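Structure record follows, encoded as structure tokens.
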Amino acid sequence: MSLLSEFKEFAAKGNVVDLAVGVIIGASFGKIVTSLVEQVVMPPIGLVLGRVDFSNLKWVLAAEDPTTEAVEEVAIQYGAFLNTVIQFLIVAFVVFLMVKAINKLRRAEAAKPDPVTAGPTPSEALLAEIRDELRKR
């Protein structure tokens with residue numbers, strides 16, 4: 001099998017397409033969550049905590065020297081880190097809800113009786129009795 005035909009077979013599988021769609025949707029969802037956290041969730045939290053802008057919170061380790069361009073500010077930006085942690089928690093919660101819903105659907109499917117192994121329905125049982133009575137005669 002040539003490399004090109006093997007690649008075509010691999011790319012034509014449904015799992016590859018599903019994965020690609022998932023990655024694209026996930027990237028878009030990440031942008032939505034980033035916007036939600038930075039522009040909707042954090043401003044009210046900052047207002048409640050005394051008009052704090054979390055994106056600007058930082059510990060300055062070495063201040064910038066305005067006289068020279070060579071010395072830039074060195075800081076630990078813990079506010080941006082807090083935003084990222086909140087984004088992660090939102091994404092994790094949404095994924096948890098999705099997995100929970102999928103598991104619920106799977107349990108419902110598993111709980112359904114298999115029509116092949118399940119016994120006859122009442123109407124089928126009645127028809128079988130009628131058939132048996134007709135055979136006796």
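Labels for the structure tokens follow display order: chains A, B, ..., residues from 1 in each chain, ligands from 1.
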
If you run DSSP on the backbone, which residues of range 67-114 of chain A are alpha helix (DSSP H), as a ChimeraX atom specification? /A:78-111

Name the residues of chain A that fall into strand (DSSP E or B) according to DSSP on the backbone, using the chain letters and numbers of this document, as a list in words.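 Strand (DSSP E or B) members of chain A, listed: Trp59, Val60, Leu61, Ala62, Val74, Ala75 and Ile76 of chain A.
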
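Closest to Glu38 in chain A among A:Leu82, A:Ala128, A:Val91, A:Ala63 is A:Leu82, based on only C-alpha atoms.
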
Between CA of Leu89 in chain A and CA of Val40 in chain A, what distance in Å does the model show, to one decimal? 15.0 Å

Hey, what's within 12 Å of Val41 in chain A if we count only C-alpha atoms and toss same-chain stuff fewer than 2 positions away? As a list in words, please?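 The residues satisfying every condition are Val33, Thr34, Ser35, Leu36, Val37, Glu38, Gln39, Pro43, Pro44, Ile45, Gly46, Leu47, Val48, Asp53, Phe54, Leu82, Asn83, Ile86, Gln87 and Ile90 of chain A.
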
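The spacing separating CA of Val94 in chain A from CA of Val52 in chain A amounts to 27.1 Å.
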
Length of the CA of Arg106 in chain A to CA of Ser123 in chain A vector [Å]: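 Between CA of Arg106 in chain A and CA of Ser123 in chain A the gap works out to 29.3 Å.
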
Out of A:Asn103, A:Thr68, A:Ser5, A:Ser55, which residue has the shortest atom-to-atom distance to Ala80 in chain A when counting only C-alpha atoms?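 Comparing A:Asn103, A:Thr68, A:Ser5, A:Ser55 against Ala80 in chain A, the winner is A:Ser55.
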
Need to verify the contact set: Ile76 in chain A, 8 Å, only C-alpha atoms, exclusion of same-chain residues closer than 3 positions in sequence. Can you return it as a ChimeraX atom specification? /A:58-61

Near range 95-99 of chain A, 12 Å: range 10-80 of chain A residue rows, closest pairs, only C-alpha atoms, as a tab-separated table:
```
residue	atom	partner	partner_atom	distance
A:Gly26	CA	A:Val95	CA	10.6
A:Phe29	CA	A:Val95	CA	11.1
A:Gly30	CA	A:Val95	CA	12.0
```
